[in-house]
$ cat upload-v4.cif   # mmCIF, C-alpha atoms
data_entry
#
loop_
_atom_site.group_PDB
_atom_site.id
_atom_site.type_symbol
_atom_site.label_atom_id
_atom_site.label_comp_id
_atom_site.auth_asym_id
_atom_site.auth_seq_id
_atom_site.Cartn_x
_atom_site.Cartn_y
_atom_site.Cartn_z
ATOM 1 C CA MET B 30 144.921 160.691 84.618
ATOM 2 C CA THR B 31 145.143 157.899 82.057
ATOM 3 C CA ASN B 32 142.610 157.467 79.263
ATOM 4 C CA ILE B 33 141.917 153.861 78.376
ATOM 5 C CA TYR B 34 139.851 152.893 75.362
ATOM 6 C CA LEU B 35 138.490 149.484 76.352
ATOM 7 C CA ILE B 36 137.407 147.703 73.181
ATOM 8 C CA ARG B 37 135.489 144.482 72.690
ATOM 9 C CA HIS B 38 136.962 142.168 70.063
ATOM 10 C CA ALA B 39 135.515 141.892 66.560
ATOM 11 C CA GLU B 40 132.970 139.212 65.693
ATOM 12 C CA ALA B 41 134.487 135.762 66.114
ATOM 13 C CA GLU B 42 133.201 132.294 65.274
ATOM 14 C CA GLY B 43 131.677 131.875 68.726
ATOM 15 C CA ASN B 44 129.523 134.969 68.172
ATOM 16 C CA LEU B 45 128.457 133.858 64.706
ATOM 17 C CA TYR B 46 127.723 130.231 65.528
ATOM 18 C CA ARG B 47 126.341 130.985 69.030
ATOM 19 C CA ARG B 48 128.997 128.833 70.695
ATOM 20 C CA ILE B 49 130.310 129.688 74.134
ATOM 21 C CA HIS B 50 133.850 130.977 73.824
ATOM 22 C CA GLY B 51 135.332 132.331 77.014
ATOM 23 C CA TRP B 52 138.944 131.133 77.011
ATOM 24 C CA TYR B 53 138.373 129.034 73.883
ATOM 25 C CA ASP B 54 140.373 130.626 71.069
ATOM 26 C CA SER B 55 138.154 131.215 68.033
ATOM 27 C CA LEU B 56 138.869 132.947 64.733
ATOM 28 C CA ILE B 57 137.579 136.268 63.390
ATOM 29 C CA THR B 58 134.694 136.004 60.884
ATOM 30 C CA PRO B 59 134.491 137.892 57.553
ATOM 31 C CA ARG B 60 132.103 140.357 59.224
ATOM 32 C CA GLY B 61 134.626 140.694 62.039
ATOM 33 C CA TRP B 62 137.347 141.696 59.572
ATOM 34 C CA LYS B 63 135.045 144.453 58.284
ATOM 35 C CA GLN B 64 134.565 145.594 61.879
ATOM 36 C CA ILE B 65 138.339 145.644 62.349
ATOM 37 C CA GLU B 66 138.689 147.793 59.236
ATOM 38 C CA ALA B 67 136.073 150.214 60.601
ATOM 39 C CA LEU B 68 137.822 150.273 63.978
ATOM 40 C CA SER B 69 141.076 151.191 62.238
ATOM 41 C CA LYS B 70 139.316 154.173 60.638
ATOM 42 C CA ARG B 71 137.755 155.090 63.997
ATOM 43 C CA PHE B 72 141.203 155.336 65.632
ATOM 44 C CA LYS B 73 143.109 156.736 62.653
ATOM 45 C CA ASP B 74 143.391 160.236 64.121
ATOM 46 C CA VAL B 75 143.305 159.313 67.816
ATOM 47 C CA HIS B 76 146.651 159.602 69.588
ATOM 48 C CA ILE B 77 147.474 156.258 71.228
ATOM 49 C CA ASP B 78 150.579 155.673 73.376
ATOM 50 C CA ALA B 79 150.225 151.921 73.936
ATOM 51 C CA VAL B 80 148.061 148.981 72.859
ATOM 52 C CA TYR B 81 147.156 145.960 74.978
ATOM 53 C CA SER B 82 144.989 142.913 74.371
ATOM 54 C CA SER B 83 144.200 139.605 75.939
ATOM 55 C CA ASP B 84 146.380 136.790 74.648
ATOM 56 C CA LEU B 85 143.533 135.237 72.645
ATOM 57 C CA MET B 86 143.637 135.443 68.852
ATOM 58 C CA ARG B 87 140.352 137.331 68.439
ATOM 59 C CA THR B 88 141.565 140.198 70.609
ATOM 60 C CA GLN B 89 145.033 140.305 69.080
ATOM 61 C CA MET B 90 143.591 140.455 65.557
ATOM 62 C CA THR B 91 141.222 143.228 66.643
ATOM 63 C CA ALA B 92 144.087 145.134 68.265
ATOM 64 C CA SER B 93 145.982 144.981 64.949
ATOM 65 C CA SER B 94 143.606 147.693 63.699
ATOM 66 C CA ILE B 95 145.260 150.095 66.127
ATOM 67 C CA PHE B 96 148.808 148.983 66.910
ATOM 68 C CA ILE B 97 149.891 148.420 63.283
ATOM 69 C CA PRO B 98 148.732 151.797 61.868
ATOM 70 C CA HIS B 99 150.149 153.587 64.927
ATOM 71 C CA GLY B 100 153.498 151.763 64.666
ATOM 72 C CA LEU B 101 153.262 150.438 68.222
ATOM 73 C CA PRO B 102 154.053 147.044 69.728
ATOM 74 C CA LEU B 103 151.213 144.907 71.046
ATOM 75 C CA HIS B 104 151.343 143.993 74.736
ATOM 76 C CA THR B 105 149.361 140.824 75.450
ATOM 77 C CA MET B 106 148.045 140.077 78.900
ATOM 78 C CA PRO B 107 146.116 136.894 79.743
ATOM 79 C CA GLU B 108 144.518 138.893 82.573
ATOM 80 C CA LEU B 109 142.438 140.726 79.923
ATOM 81 C CA ARG B 110 140.779 137.447 78.887
ATOM 82 C CA GLU B 111 137.076 136.776 78.935
ATOM 83 C CA VAL B 112 135.476 134.997 81.870
ATOM 84 C CA ASN B 113 136.532 131.354 81.990
ATOM 85 C CA MET B 114 133.359 129.483 81.058
ATOM 86 C CA GLY B 115 134.594 126.153 82.423
ATOM 87 C CA ALA B 116 132.485 123.160 81.355
ATOM 88 C CA TRP B 117 130.471 125.426 79.051
ATOM 89 C CA GLU B 118 133.437 126.192 76.770
ATOM 90 C CA ASP B 119 132.674 125.515 73.088
ATOM 91 C CA ILE B 120 129.135 124.238 73.523
ATOM 92 C CA THR B 121 126.146 126.102 72.110
ATOM 93 C CA TRP B 122 124.020 128.570 74.024
ATOM 94 C CA ALA B 123 121.001 126.533 72.890
ATOM 95 C CA GLU B 124 122.400 123.436 74.659
ATOM 96 C CA VAL B 125 122.838 125.405 77.857
ATOM 97 C CA GLU B 126 119.323 126.848 77.571
ATOM 98 C CA ARG B 127 117.923 123.337 77.116
ATOM 99 C CA ASP B 128 120.023 121.492 79.706
ATOM 100 C CA MET B 129 120.774 124.124 82.369
ATOM 101 C CA PRO B 130 118.193 126.918 82.135
ATOM 102 C CA ASP B 131 118.622 127.907 85.797
ATOM 103 C CA GLN B 132 122.372 128.353 85.406
ATOM 104 C CA LEU B 133 121.866 130.331 82.202
ATOM 105 C CA GLU B 134 119.443 132.597 84.054
ATOM 106 C CA TYR B 135 122.043 133.120 86.797
ATOM 107 C CA PHE B 136 124.809 133.800 84.274
ATOM 108 C CA ASN B 137 122.722 136.481 82.546
ATOM 109 C CA PHE B 138 120.919 138.080 85.475
ATOM 110 C CA ASP B 139 122.768 137.294 88.742
ATOM 111 C CA PRO B 140 126.217 135.900 87.915
ATOM 112 C CA GLU B 141 127.312 135.628 91.555
ATOM 113 C CA LYS B 142 124.938 132.630 91.729
ATOM 114 C CA TRP B 143 126.341 131.086 88.515
ATOM 115 C CA SER B 144 128.171 127.866 89.334
ATOM 116 C CA ILE B 145 129.602 125.706 86.561
ATOM 117 C CA GLU B 146 132.472 123.241 86.885
ATOM 118 C CA GLY B 147 135.676 125.147 86.144
ATOM 119 C CA GLY B 148 133.796 128.430 85.630
ATOM 120 C CA GLU B 149 135.288 131.666 86.921
ATOM 121 C CA GLU B 150 133.281 133.374 89.630
ATOM 122 C CA LEU B 151 132.137 136.963 89.050
ATOM 123 C CA PRO B 152 134.068 138.474 91.998
ATOM 124 C CA HIS B 153 137.284 136.872 90.711
ATOM 125 C CA LEU B 154 136.661 138.153 87.178
ATOM 126 C CA GLN B 155 135.948 141.654 88.468
ATOM 127 C CA LYS B 156 139.054 141.709 90.643
ATOM 128 C CA ARG B 157 141.194 140.372 87.770
ATOM 129 C CA ILE B 158 139.950 142.883 85.202
ATOM 130 C CA LYS B 159 139.971 145.887 87.537
ATOM 131 C CA SER B 160 143.483 145.214 88.820
ATOM 132 C CA THR B 161 144.719 144.717 85.233
ATOM 133 C CA VAL B 162 143.203 148.009 84.048
ATOM 134 C CA LEU B 163 144.708 149.794 87.066
ATOM 135 C CA GLU B 164 148.092 148.208 86.327
ATOM 136 C CA ILE B 165 147.936 149.388 82.704
ATOM 137 C CA ALA B 166 146.928 152.875 83.877
ATOM 138 C CA SER B 167 149.834 153.049 86.321
ATOM 139 C CA ARG B 168 152.278 152.043 83.563
ATOM 140 C CA HIS B 169 150.943 154.836 81.337
ATOM 141 C CA GLU B 170 150.111 157.711 83.695
ATOM 142 C CA GLY B 171 148.937 160.716 81.696
ATOM 143 C CA GLN B 172 148.811 158.762 78.436
ATOM 144 C CA THR B 173 146.146 157.247 76.202
ATOM 145 C CA VAL B 174 145.933 153.471 75.855
ATOM 146 C CA ALA B 175 143.817 151.082 73.798
ATOM 147 C CA ALA B 176 143.037 147.722 75.446
ATOM 148 C CA VAL B 177 141.120 144.983 73.636
ATOM 149 C CA SER B 178 139.186 142.559 75.810
ATOM 150 C CA HIS B 179 135.858 140.689 75.842
ATOM 151 C CA GLY B 180 132.161 141.405 76.373
ATOM 152 C CA THR B 181 131.497 139.816 79.753
ATOM 153 C CA ALA B 182 134.833 141.013 81.130
ATOM 154 C CA ILE B 183 134.024 144.598 80.125
ATOM 155 C CA ARG B 184 130.522 144.337 81.549
ATOM 156 C CA ALA B 185 131.886 142.939 84.823
ATOM 157 C CA LEU B 186 134.385 145.793 85.082
ATOM 158 C CA ILE B 187 131.704 148.425 84.485
ATOM 159 C CA ALA B 188 129.520 146.775 87.152
ATOM 160 C CA GLU B 189 132.448 146.824 89.582
ATOM 161 C CA VAL B 190 133.359 150.461 88.880
ATOM 162 C CA GLU B 191 129.739 151.645 89.095
ATOM 163 C CA ASN B 192 128.957 149.471 92.163
ATOM 164 C CA VAL B 193 126.179 147.598 90.362
ATOM 165 C CA PRO B 194 125.230 144.468 92.343
ATOM 166 C CA SER B 195 125.273 141.095 90.623
ATOM 167 C CA ARG B 196 121.473 140.785 90.587
ATOM 168 C CA GLU B 197 121.288 144.087 88.627
ATOM 169 C CA ILE B 198 124.075 143.366 86.124
ATOM 170 C CA SER B 199 121.552 143.033 83.295
ATOM 171 C CA SER B 200 121.071 146.819 83.579
ATOM 172 C CA ILE B 201 124.506 147.088 81.940
ATOM 173 C CA PRO B 202 124.113 146.145 78.294
ATOM 174 C CA HIS B 203 126.663 143.987 76.511
ATOM 175 C CA CYS B 204 128.609 146.119 74.086
ATOM 176 C CA ASP B 205 128.594 145.102 70.438
ATOM 177 C CA ASN B 206 131.661 143.609 68.804
ATOM 178 C CA THR B 207 134.284 146.376 68.499
ATOM 179 C CA GLY B 208 132.235 148.512 70.897
ATOM 180 C CA VAL B 209 134.393 151.132 72.625
ATOM 181 C CA THR B 210 134.225 152.223 76.269
ATOM 182 C CA LEU B 211 136.379 155.166 77.327
ATOM 183 C CA LEU B 212 137.673 155.050 80.888
ATOM 184 C CA HIS B 213 139.386 157.935 82.669
ATOM 185 C CA VAL B 214 141.551 156.352 85.360
ATOM 186 C CA GLN B 215 142.939 158.381 88.213
ATOM 187 C CA GLY B 216 144.357 156.571 91.204
ATOM 188 C CA GLU B 217 142.192 153.594 92.037
#

$ encode --input "upload-v4.cif" --output "structure tokens"
Amino acid sequence: MTNIYLIRHAEAEGNLYRRIHGWYDSLITPRGWKQIEALSKRFKDVHIDAVYSSDLMRTQMTASSIFIPHGLPLHTMPELREVNMGAWEDITWAEVERDMPDQLEYFNFDPEKWSIEGGEELPHLQKRIKSTVLEIASRHEGQTVAAVSHGTAIRALIAEVENVPSREISSIPHCDNTGVTLLHVQGE
């Protein structure tokens, strides 16, 4: 069995300014740096064998709270990225609420119906994240790993693992920035 601490990145500019940042690469805020410091304390005495993150800056900076103090290399994987938000990238949530309220409703409460130009479909996101977590687990059988990813990606994975249908995804809350989910992975 492999233990994987799946961690959401620290607060980034998109969170602060309410801009949509899926694959858009935004910077960590001052509050986010405080969260990273707290995360470092949280994992100070936790044995970690490997650290992974998506290849976006906000996840790599968050992962620094674990891989640097533990003296480990950081393994980046684009497969751990957030959902690709397509045409919504780097616009405000308020704009989407004003201009595309139906699509926003789908995104939040039944993402299989969400359809935006260039946007990543929920089943693809779930398959991508699940297969990546299983790949990490197989590389580190019997070890403990930290993996830093993104809010919607983590939520989609939990929905997939717990067999929560798309129309009920809102029953899975978004984790806060630097929220930690512990997965015990055995086989598939």

$ closest_atom_pairs --input "upload-v4.cif" --of "segment 150-174 of chain B" --to "segment 186-200 of chain B" --cutoff "8 Å" --atoms "only C-alpha atoms" --output "JSON lines"
{"residue": "B:Gln155", "atom": "CA", "partner": "B:Leu186", "partner_atom": "CA", "distance": 5.6}
{"residue": "B:Ile158", "atom": "CA", "partner": "B:Leu186", "partner_atom": "CA", "distance": 6.3}
{"residue": "B:Lys159", "atom": "CA", "partner": "B:Leu186", "partner_atom": "CA", "distance": 6.1}

$ closest_atom_pairs --input "upload-v4.cif" --of "segment 40-101 of chain B" --to "segment 165-175 of chain B" --cutoff "7 Å" --atoms "only C-alpha atoms" --output "CSV"
residue,atom,partner,partner_atom,distance
B:Ile77,CA,B:Thr173,CA,5.2
B:Asp78,CA,B:Thr173,CA,5.5
B:Ala79,CA,B:Val174,CA,5.0
B:Val80,CA,B:Ala175,CA,4.8
B:Tyr81,CA,B:Ala175,CA,6.2

$ write_last_selection --input "upload-v4.cif" --atoms "C-alpha atoms" --output "mmCIF file, in the frame of the given file"
data_model
loop_
_atom_site.group_PDB
_atom_site.id
_atom_site.type_symbol
_atom_site.label_atom_id
_atom_site.label_comp_id
_atom_site.auth_asym_id
_atom_site.auth_seq_id
_atom_site.Cartn_x
_atom_site.Cartn_y
_atom_site.Cartn_z
ATOM 1 C CA ILE B 77 147.474 156.258 71.228
ATOM 2 C CA ASP B 78 150.579 155.673 73.376
ATOM 3 C CA ALA B 79 150.225 151.921 73.936
ATOM 4 C CA VAL B 80 148.061 148.981 72.859
ATOM 5 C CA TYR B 81 147.156 145.960 74.978
#

$ residues_around --input "upload-v4.cif" --residues "Trp62 of chain B" --least-positions-apart "3" --cutoff "12 Å" --atoms "only C-alpha atoms" --output "number ranges by chain"
B: 38-42, 56-59, 65-69, 87-88, 90-94, 206-207

$ axis_aligned_box --input "upload-v4.cif" --around "segment 66-83 of chain B" --padding-each-side "6 Å" --output "AutoDock Vina command-line options"
--center_x 143.3 --center_y 149.9 --center_z 67.6 --size_x 26.5 --size_y 32.6 --size_z 28.7

$ resolve_selection --input "upload-v4.cif" --expression "the PyMOL selection byres ((chain B and resi 121) around 7)" --output "list in words"
Arg47, Arg48, Ile49, Asp119, Ile120, Trp122, Ala123, Glu124 and Val125 of chain B

$ write_last_selection --input "upload-v4.cif" --atoms "C-alpha atoms" --output "PDB file, in the frame of the given file"
ATOM      1  CA  ARG B  47     126.341 130.985  69.030  1.00  0.00           C
ATOM      2  CA  ARG B  48     128.997 128.833  70.695  1.00  0.00           C
ATOM      3  CA  ILE B  49     130.310 129.688  74.134  1.00  0.00           C
ATOM      4  CA  ASP B 119     132.674 125.515  73.088  1.00  0.00           C
ATOM      5  CA  ILE B 120     129.135 124.238  73.523  1.00  0.00           C
ATOM      6  CA  TRP B 122     124.020 128.570  74.024  1.00  0.00           C
ATOM      7  CA  ALA B 123     121.001 126.533  72.890  1.00  0.00           C
ATOM      8  CA  GLU B 124     122.400 123.436  74.659  1.00  0.00           C
ATOM      9  CA  VAL B 125     122.838 125.405  77.857  1.00  0.00           C
TER      10      VAL B 125
END

$ resolve_selection --input "upload-v4.cif" --expression "the PyMOL selection byres ((chain B and resi 134-150) around 10)" --output "VMD selection string"
chain B and resid 51 111 to 118 126 129 to 133 151 to 155 181 185 194 to 200

$ resolve_selection --input "upload-v4.cif" --expression "the PyMOL selection byres ((chain B and resi 33) around 7)" --output "compact mmCIF listing (two decimals) with C-alpha atoms, in the frame of the given file"
# COMPACT_ATOMS: atom_id res chain seq x y z
CA THR B 31 145.14 157.90 82.06
CA ASN B 32 142.61 157.47 79.26
CA TYR B 34 139.85 152.89 75.36
CA LEU B 35 138.49 149.48 76.35
CA THR B 173 146.15 157.25 76.20
CA VAL B 174 145.93 153.47 75.86
CA ALA B 175 143.82 151.08 73.80
CA ALA B 176 143.04 147.72 75.45
CA LEU B 211 136.38 155.17 77.33
CA LEU B 212 137.67 155.05 80.89
CA HIS B 213 139.39 157.94 82.67

$ closest_residue --input "upload-v4.cif" --among "B:Val214, B:Cys204, B:Leu163, B:Val209" --to "Glu108 of chain B" --atoms "all atoms listed in the file"
B:Leu163

$ atom_distance --input "upload-v4.cif" --atom1 "atom CA of Thr210 of chain B" --atom2 "atom CA of Met106 of chain B"
18.6 Å

$ atom_distance --input "upload-v4.cif" --atom1 "atom CA of Met86 of chain B" --atom2 "atom CA of Thr161 of chain B"
18.9 Å

$ atom_distance --input "upload-v4.cif" --atom1 "atom CA of Arg157 of chain B" --atom2 "atom CA of Ala182 of chain B"
9.2 Å

$ closest_residue --input "upload-v4.cif" --among "B:Leu45, B:Asp54, B:Val177, B:Arg37" --to "Phe96 of chain B" --atoms "all atoms listed in the file"
B:Val177
